[in-house]
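Listing of upload_5.pdb; format and content: PDB, C-alpha atoms and all ligand atoms.
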MODEL        1
ATOM      1  CA  MET A   1     101.864 127.282 116.215  1.00  0.00           C
ATOM      2  CA  ASN A   2     102.183 124.764 113.449  1.00  0.00           C
ATOM      3  CA  LYS A   3     100.286 121.566 113.848  1.00  0.00           C
ATOM      4  CA  ILE A   4     101.992 118.512 112.436  1.00  0.00           C
ATOM      5  CA  ILE A   5      99.899 116.993 109.716  1.00  0.00           C
ATOM      6  CA  SER A   6      99.686 113.253 109.913  1.00  0.00           C
ATOM      7  CA  LEU A   7      99.293 111.296 106.711  1.00  0.00           C
ATOM      8  CA  GLU A   8      97.855 108.376 108.619  1.00  0.00           C
ATOM      9  CA  ASP A   9      94.358 109.773 108.407  1.00  0.00           C
ATOM     10  CA  ALA A  10      94.793 111.063 104.881  1.00  0.00           C
ATOM     11  CA  LEU A  11      92.340 110.127 102.174  1.00  0.00           C
ATOM     12  CA  GLU A  12      93.774 108.144  99.290  1.00  0.00           C
ATOM     13  CA  GLY A  13      92.694 108.840  95.777  1.00  0.00           C
ATOM     14  CA  VAL A  14      93.326 110.028  92.262  1.00  0.00           C
ATOM     15  CA  LEU A  15      93.928 113.490  90.826  1.00  0.00           C
ATOM     16  CA  PHE A  16      91.989 114.870  87.883  1.00  0.00           C
ATOM     17  CA  LEU A  17      90.744 118.086  86.333  1.00  0.00           C
ATOM     18  CA  HIS A  18      87.098 118.335  87.311  1.00  0.00           C
ATOM     19  CA  SER A  19      84.924 119.971  84.726  1.00  0.00           C
ATOM     20  CA  GLU A  20      81.308 119.578  83.754  1.00  0.00           C
ATOM     21  CA  THR A  21      78.473 121.693  82.434  1.00  0.00           C
ATOM     22  CA  GLY A  22      78.310 124.768  84.605  1.00  0.00           C
ATOM     23  CA  THR A  23      81.844 124.715  85.995  1.00  0.00           C
ATOM     24  CA  GLU A  24      83.078 126.992  83.162  1.00  0.00           C
ATOM     25  CA  GLY A  25      86.489 125.415  83.149  1.00  0.00           C
ATOM     26  CA  GLY A  26      88.293 122.833  85.196  1.00  0.00           C
ATOM     27  CA  TYR A  27      89.103 122.633  88.867  1.00  0.00           C
ATOM     28  CA  TRP A  28      92.095 120.800  90.261  1.00  0.00           C
ATOM     29  CA  ALA A  29      90.388 117.946  92.055  1.00  0.00           C
ATOM     30  CA  PHE A  30      90.824 114.695  93.931  1.00  0.00           C
ATOM     31  CA  GLN A  31      88.606 111.615  93.847  1.00  0.00           C
ATOM     32  CA  ASP A  32      88.589 109.530  97.010  1.00  0.00           C
ATOM     33  CA  SER A  33      89.323 105.876  96.144  1.00  0.00           C
ATOM     34  CA  GLN A  34      86.668 104.709  98.580  1.00  0.00           C
ATOM     35  CA  PHE A  35      84.150 106.159  96.164  1.00  0.00           C
ATOM     36  CA  ILE A  36      85.565 104.535  93.046  1.00  0.00           C
ATOM     37  CA  SER A  37      84.014 101.203  92.147  1.00  0.00           C
ATOM     38  CA  PRO A  38      84.177  99.006  89.058  1.00  0.00           C
ATOM     39  CA  ASN A  39      81.426  99.730  86.572  1.00  0.00           C
ATOM     40  CA  THR A  40      79.473  96.521  86.061  1.00  0.00           C
ATOM     41  CA  THR A  41      76.064  97.849  85.069  1.00  0.00           C
ATOM     42  CA  ARG A  42      76.337 100.728  82.626  1.00  0.00           C
ATOM     43  CA  TYR A  43      76.506  99.771  78.976  1.00  0.00           C
ATOM     44  CA  SER A  44      76.059 101.423  75.635  1.00  0.00           C
ATOM     45  CA  CYS A  45      75.588  99.972  72.162  1.00  0.00           C
ATOM     46  CA  LYS A  46      78.673 100.168  69.935  1.00  0.00           C
ATOM     47  CA  LYS A  47      76.531 100.711  66.882  1.00  0.00           C
ATOM     48  CA  CYS A  48      73.786 103.118  67.926  1.00  0.00           C
ATOM     49  CA  CYS A  49      75.022 104.415  71.315  1.00  0.00           C
ATOM     50  CA  LEU A  50      71.854 103.373  73.140  1.00  0.00           C
ATOM     51  CA  TYR A  51      72.455 103.584  76.883  1.00  0.00           C
ATOM     52  CA  TRP A  52      71.506 100.661  79.096  1.00  0.00           C
ATOM     53  CA  ASP A  53      71.788 100.632  82.861  1.00  0.00           C
ATOM     54  CA  LYS A  54      71.352  97.045  84.011  1.00  0.00           C
ATOM     55  CA  GLU A  55      70.811  98.189  87.554  1.00  0.00           C
ATOM     56  CA  THR A  56      67.534  99.858  86.651  1.00  0.00           C
ATOM     57  CA  SER A  57      66.478  97.418  83.946  1.00  0.00           C
ATOM     58  CA  PRO A  58      68.306  94.119  84.544  1.00  0.00           C
ATOM     59  CA  SER A  59      66.832  91.846  81.894  1.00  0.00           C
ATOM     60  CA  THR A  60      66.316  93.834  78.718  1.00  0.00           C
ATOM     61  CA  PRO A  61      67.717  96.993  77.170  1.00  0.00           C
ATOM     62  CA  PRO A  62      65.330  99.908  76.804  1.00  0.00           C
ATOM     63  CA  ILE A  63      63.273  99.815  73.646  1.00  0.00           C
ATOM     64  CA  VAL A  64      63.540 103.111  71.853  1.00  0.00           C
ATOM     65  CA  GLU A  65      62.015 103.827  68.511  1.00  0.00           C
ATOM     66  CA  ARG A  66      62.956 106.981  66.749  1.00  0.00           C
ATOM     67  CA  LEU A  67      63.303 107.868  63.120  1.00  0.00           C
ATOM     68  CA  PHE A  68      66.010 109.992  61.641  1.00  0.00           C
ATOM     69  CA  ASN A  69      65.588 111.033  57.993  1.00  0.00           C
ATOM     70  CA  GLY A  70      62.976 108.309  57.665  1.00  0.00           C
ATOM     71  CA  LEU A  71      65.330 105.551  58.917  1.00  0.00           C
ATOM     72  CA  PRO A  72      65.460 103.989  62.380  1.00  0.00           C
ATOM     73  CA  ASP A  73      67.878 105.897  64.569  1.00  0.00           C
ATOM     74  CA  TYR A  74      68.569 102.934  66.847  1.00  0.00           C
ATOM     75  CA  CYS A  75      69.269  99.272  66.085  1.00  0.00           C
ATOM     76  CA  SER A  76      66.342  96.892  66.255  1.00  0.00           C
ATOM     77  CA  PRO A  77      66.217  95.200  69.688  1.00  0.00           C
ATOM     78  CA  ASN A  78      68.247  92.134  68.687  1.00  0.00           C
ATOM     79  CA  ASP A  79      70.981  93.951  66.794  1.00  0.00           C
ATOM     80  CA  HIS A  80      72.624  95.882  69.600  1.00  0.00           C
ATOM     81  CA  GLU A  81      76.219  95.220  70.595  1.00  0.00           C
ATOM     82  CA  PHE A  82      76.521  96.355  74.179  1.00  0.00           C
ATOM     83  CA  LYS A  83      79.782  97.130  75.910  1.00  0.00           C
ATOM     84  CA  LEU A  84      80.583  98.687  79.281  1.00  0.00           C
ATOM     85  CA  ILE A  85      80.875 102.446  78.852  1.00  0.00           C
ATOM     86  CA  CYS A  86      83.772 102.836  81.269  1.00  0.00           C
ATOM     87  CA  LYS A  87      85.787 100.801  83.719  1.00  0.00           C
ATOM     88  CA  GLU A  88      84.884 102.707  86.824  1.00  0.00           C
ATOM     89  CA  THR A  89      82.057 104.529  88.500  1.00  0.00           C
ATOM     90  CA  TRP A  90      83.030 107.621  90.449  1.00  0.00           C
ATOM     91  CA  ASP A  91      80.596 108.671  93.115  1.00  0.00           C
ATOM     92  CA  TYR A  92      80.193 112.411  93.684  1.00  0.00           C
ATOM     93  CA  LYS A  93      80.585 111.796  97.397  1.00  0.00           C
ATOM     94  CA  GLY A  94      84.271 111.193  96.751  1.00  0.00           C
ATOM     95  CA  LEU A  95      84.857 114.422  94.856  1.00  0.00           C
ATOM     96  CA  HIS A  96      87.061 117.036  96.502  1.00  0.00           C
ATOM     97  CA  ILE A  97      87.787 120.247  94.669  1.00  0.00           C
ATOM     98  CA  LEU A  98      91.169 121.301  95.998  1.00  0.00           C
ATOM     99  CA  GLU A  99      91.147 124.430  98.101  1.00  0.00           C
ATOM    100  CA  ASN A 100      93.625 126.547  99.955  1.00  0.00           C
ATOM    101  CA  GLY A 101      94.932 124.844 103.037  1.00  0.00           C
ATOM    102  CA  ASP A 102      94.440 121.282 101.800  1.00  0.00           C
ATOM    103  CA  TYR A 103      97.499 119.183 102.421  1.00  0.00           C
ATOM    104  CA  LEU A 104      98.343 117.100  99.364  1.00  0.00           C
ATOM    105  CA  THR A 105     100.990 114.499  98.606  1.00  0.00           C
ATOM    106  CA  ILE A 106     101.370 113.299  95.016  1.00  0.00           C
ATOM    107  CA  TYR A 107     102.996 110.007  94.065  1.00  0.00           C
ATOM    108  CA  HIS A 108     104.651 108.959  90.850  1.00  0.00           C
ATOM    109  CA  PRO A 109     102.408 106.280  89.305  1.00  0.00           C
ATOM    110  CA  LYS A 110     105.177 103.734  88.737  1.00  0.00           C
ATOM    111  CA  LYS A 111     108.101 104.576  90.952  1.00  0.00           C
ATOM    112  CA  ASN A 112     105.783 105.040  93.937  1.00  0.00           C
ATOM    113  CA  LYS A 113     107.806 107.967  95.191  1.00  0.00           C
ATOM    114  CA  THR A 114     106.598 111.397  96.174  1.00  0.00           C
ATOM    115  CA  VAL A 115     106.779 113.914  93.347  1.00  0.00           C
ATOM    116  CA  TRP A 116     105.168 116.781  95.196  1.00  0.00           C
ATOM    117  CA  SER A 117     103.981 117.432  98.702  1.00  0.00           C
ATOM    118  CA  GLY A 118     102.665 120.567 100.320  1.00  0.00           C
ATOM    119  CA  VAL A 119      99.813 122.867 101.109  1.00  0.00           C
ATOM    120  CA  ILE A 120      97.435 123.980  98.397  1.00  0.00           C
ATOM    121  CA  ALA A 121      97.749 127.699  97.687  1.00  0.00           C
ATOM    122  CA  LEU A 122      95.833 128.702  94.604  1.00  0.00           C
ATOM    123  CA  GLU A 123      96.096 131.836  92.572  1.00  0.00           C
ATOM    124  CA  GLN A 124      92.644 132.396  91.060  1.00  0.00           C
ATOM    125  CA  HIS A 125      92.164 133.680  87.521  1.00  0.00           C
ATOM    126  CA  PRO A 126      89.226 135.426  85.859  1.00  0.00           C
ATOM    127  CA  LEU A 127      86.991 133.061  83.871  1.00  0.00           C
ATOM    128  CA  PHE A 128      88.236 131.921  80.463  1.00  0.00           C
ATOM    129  CA  THR A 129      91.607 133.620  80.630  1.00  0.00           C
ATOM    130  CA  GLU A 130      94.034 130.796  81.387  1.00  0.00           C
ATOM    131  CA  ASN A 131      94.334 127.270  80.078  1.00  0.00           C
ATOM    132  CA  ALA A 132      96.373 124.116  80.507  1.00  0.00           C
ATOM    133  CA  SER A 133      96.796 122.139  77.279  1.00  0.00           C
ATOM    134  CA  GLY A 134      93.678 123.822  75.923  1.00  0.00           C
ATOM    135  CA  PHE A 135      91.475 123.273  78.971  1.00  0.00           C
ATOM    136  CA  TRP A 136      90.238 126.378  80.765  1.00  0.00           C
ATOM    137  CA  ILE A 137      91.435 126.438  84.347  1.00  0.00           C
ATOM    138  CA  HIS A 138      90.359 128.508  87.323  1.00  0.00           C
ATOM    139  CA  ALA A 139      93.606 128.654  89.200  1.00  0.00           C
ATOM    140  CA  ASP A 140      97.303 127.876  89.393  1.00  0.00           C
ATOM    141  CA  GLN A 141      99.073 126.285  92.304  1.00  0.00           C
ATOM    142  CA  ILE A 142     101.600 128.903  93.436  1.00  0.00           C
ATOM    143  CA  GLY A 143     105.236 127.881  93.176  1.00  0.00           C
ATOM    144  CA  ILE A 144     105.090 125.214  90.486  1.00  0.00           C
ATOM    145  CA  GLU A 145     105.058 125.334  86.695  1.00  0.00           C
ATOM    146  CA  ARG A 146     101.553 124.999  85.350  1.00  0.00           C
ATOM    147  CA  ASP A 147     102.450 122.240  82.889  1.00  0.00           C
ATOM    148  CA  VAL A 148     104.161 120.165  85.536  1.00  0.00           C
ATOM    149  CA  TRP A 149     101.217 120.562  87.895  1.00  0.00           C
ATOM    150  CA  ALA A 150      98.633 119.881  85.186  1.00  0.00           C
ATOM    151  CA  GLU A 151     100.311 116.648  84.163  1.00  0.00           C
ATOM    152  CA  TYR A 152      99.716 115.143  87.616  1.00  0.00           C
ATOM    153  CA  PHE A 153      95.997 115.711  87.070  1.00  0.00           C
ATOM    154  CA  PHE A 154      95.732 114.853  83.389  1.00  0.00           C
ATOM    155  CA  LYS A 155      97.565 111.604  84.011  1.00  0.00           C
ATOM    156  CA  GLY A 156      95.591 110.731  87.137  1.00  0.00           C
ATOM    157  CA  TYR A 157      98.457 110.483  89.595  1.00  0.00           C
ATOM    158  CA  HIS A 158      97.717 108.894  92.944  1.00  0.00           C
ATOM    159  CA  ALA A 159      97.634 111.184  95.921  1.00  0.00           C
ATOM    160  CA  LYS A 160      96.879 111.522  99.597  1.00  0.00           C
ATOM    161  CA  LEU A 161      94.771 114.373 100.851  1.00  0.00           C
ATOM    162  CA  VAL A 162      94.207 115.880 104.250  1.00  0.00           C
ATOM    163  CA  PRO A 163      91.416 118.396 103.654  1.00  0.00           C
ATOM    164  CA  ALA A 164      91.964 121.856 105.106  1.00  0.00           C
ATOM    165  CA  LYS A 165      88.959 121.645 107.378  1.00  0.00           C
ATOM    166  CA  GLU A 166      90.372 118.575 109.080  1.00  0.00           C
ATOM    167  CA  HIS A 167      93.712 119.974 110.139  1.00  0.00           C
ATOM    168  CA  LYS A 168      92.916 123.612 110.837  1.00  0.00           C
TER
HETATM  169 ZN    ZN B 201      72.378  99.429  68.975  1.00  0.00          ZN
ENDMDL
END
Using structure tokens, write down the structure from this file.
Amino acid sequence: MNKIISLEDALEGVLFLHSETGTEGGYWAFQDSQFISPNTTRYSCKKCCLYWDKETSPSTPPIVERLFNGLPDYCSPNDHEFKLICKETWDYKGLHILENGDYLTIYHPKKNKTVWSGVIALEQHPLFTENASGFWIHADQIGIERDVWAEYFFKGYHAKLVPAKEHK
């Protein structure tokens, strides 16, 4: 018996290729919008790359003294030029690595129409054997060209997700 999947309870979010130290390649993934917030606290210096989180130290940047080849490696405290390191903060709680049985609907970023909709069915590959535009990938979605699929993730298309465990 097929259960009808309702998009009303779907999570809304953004697609991306999730990769970090230890993942040995990228996973097709979804970030829940509820866990995306504007970055207002994390800065780095344009000149020396010193990192400053205003949440942990609100009034002054960290003072770091380090020499490199006999010269200071960081600007002196008054010479920094801080800028926000990124526009958004993505909380891990919103990360969903796509898995078989997830129900996904992908929307074109401008036309706001559905470009793909269906159930995730991944064909897994051995480590470091397959890539998309030079990025190692773990799997292909069955039934769609890899480059077409990858573009949705590289370009951060919007999507709705009903995780497999919620509609089984
Ligand atoms: Zn600096």
Atom-to-atom span, CA of Tyr43 (chain A) and CA of Asp91 (chain A), Å: 17.2 Å
Pick from A:Pro72, A:Pro126, A:Gly94, A:Pro109 nearest to ligand ZN 201 (chain B), counting only C-alpha atoms and all ligand atoms: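 Result for the nearest residue to ligand ZN 201 (chain B): A:Pro72.
Of the listed residues (A:Glu145, A:Glu88, A:Glu20, A:Asp140), A:Glu88 comes nearest to Asn39 (chain A); the distances count only C-alpha atoms.
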Contacts of ligand ZN 201 (chain B), 12 Å or closer, only C-alpha atoms and all ligand atoms, given as a list in words: Tyr43, Ser44, Cys45, Lys46, Lys47, Cys48, Cys49, Leu50, Tyr51, Trp52, Pro61, Pro62, Ile63, Val64, Glu65, Pro72, Asp73, Tyr74, Cys75, Ser76, Pro77, Asn78, Asp79, His80, Glu81, Phe82 and Lys83 of chain A
Save the residues we just selected, C-alpha atoms, as a compact mmCIF listing (two decimals), in the frame of the given file?
# COMPACT_ATOMS: atom_id res chain seq x y z
CA TYR A 43 76.51 99.77 78.98
CA SER A 44 76.06 101.42 75.64
CA CYS A 45 75.59 99.97 72.16
CA LYS A 46 78.67 100.17 69.94
CA LYS A 47 76.53 100.71 66.88
CA CYS A 48 73.79 103.12 67.93
CA CYS A 49 75.02 104.42 71.32
CA LEU A 50 71.85 103.37 73.14
CA TYR A 51 72.46 103.58 76.88
CA TRP A 52 71.51 100.66 79.10
CA PRO A 61 67.72 96.99 77.17
CA PRO A 62 65.33 99.91 76.80
CA ILE A 63 63.27 99.82 73.65
CA VAL A 64 63.54 103.11 71.85
CA GLU A 65 62.02 103.83 68.51
CA PRO A 72 65.46 103.99 62.38
CA ASP A 73 67.88 105.90 64.57
CA TYR A 74 68.57 102.93 66.85
CA CYS A 75 69.27 99.27 66.08
CA SER A 76 66.34 96.89 66.26
CA PRO A 77 66.22 95.20 69.69
CA ASN A 78 68.25 92.13 68.69
CA ASP A 79 70.98 93.95 66.79
CA HIS A 80 72.62 95.88 69.60
CA GLU A 81 76.22 95.22 70.60
CA PHE A 82 76.52 96.36 74.18
CA LYS A 83 79.78 97.13 75.91
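For the pair CA of Phe135 (chain A) and CA of Phe154 (chain A), the interatomic distance is 10.4 Å.
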Coordinates-based distance that separates CA of Pro38 (chain A) from CA of Ala159 (chain A) (Å, one decimal):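 Interatomic distance, CA of Ala159 (chain A) to CA of Pro38 (chain A): 19.4 Å.
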Result set of the PyMOL selection byres (((chain A and resi 101) around 8) and not hetatm) on the coordinates above, as a list of chain:residue names: A:Glu99, A:Asn100, A:Asp102, A:Tyr103, A:Val119, A:Ile120, A:Ala121, A:Pro163, A:Ala164
Residues selected by the PyMOL selection byres (((chain A and resi 115-118) around 7) and not hetatm), written as a PyMOL selection string: chain A and resi 103-108+113-114+119-120
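Residues in contact with region 26-29 of chain A at 8 Å, where only C-alpha atoms are counted and same-chain residues fewer than 3 positions away are skipped, are listed as Leu15, Phe16, Leu17, His18, Ser19, Glu20, Thr23, Leu95, His96, Ile97, Leu98, Phe135, Trp136, Ile137, His138, Ala139 and Phe153 of chain A.
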Residue contacts of Glu166 (chain A) (12 Å, only C-alpha atoms) excluding same-chain residues fewer than 4 positions away, as a PyMOL selection string: chain A and resi 3+5-7+9-11+101-103+161-162
Mind working out the centre and edge lengths of an axis-aligned box for region 6-17 of chain A, all listed atoms inside, 4 Å added to each side, rounded to one decimal in Å and written as lines of an AutoDock Vina configuration file?
center_x = 95.2
center_y = 113.1
center_z = 98.1
size_x = 16.9
size_y = 17.9
size_z = 31.6
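Candidate residues A:Thr21, A:Lys110, A:Ser133, A:Lys160 were compared for distance to Val148 (chain A), and the nearest is A:Ser133, using all atoms listed in the file.
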Given only C-alpha atoms as the counted atoms, nearest of A:Leu67, A:Leu122, A:Gln34, A:Gly13 to Gly143 (chain A):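 Using only C-alpha atoms, the shortest distance to Gly143 (chain A) belongs to A:Leu122.
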Distance criterion (all atoms listed in the file): nearest to Lys155 (chain A) out of A:Ile4, A:Asn112, A:Val14, A:Asp32: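 Checking each of A:Ile4, A:Asn112, A:Val14, A:Asp32 against Lys155 (chain A), counting all atoms listed in the file, the winner is A:Val14.
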Among the residues A:Phe35, A:Gly134, A:Asp53, A:Glu24, the one that comes closest to Ile85 (chain A) [using only C-alpha atoms]: A:Asp53
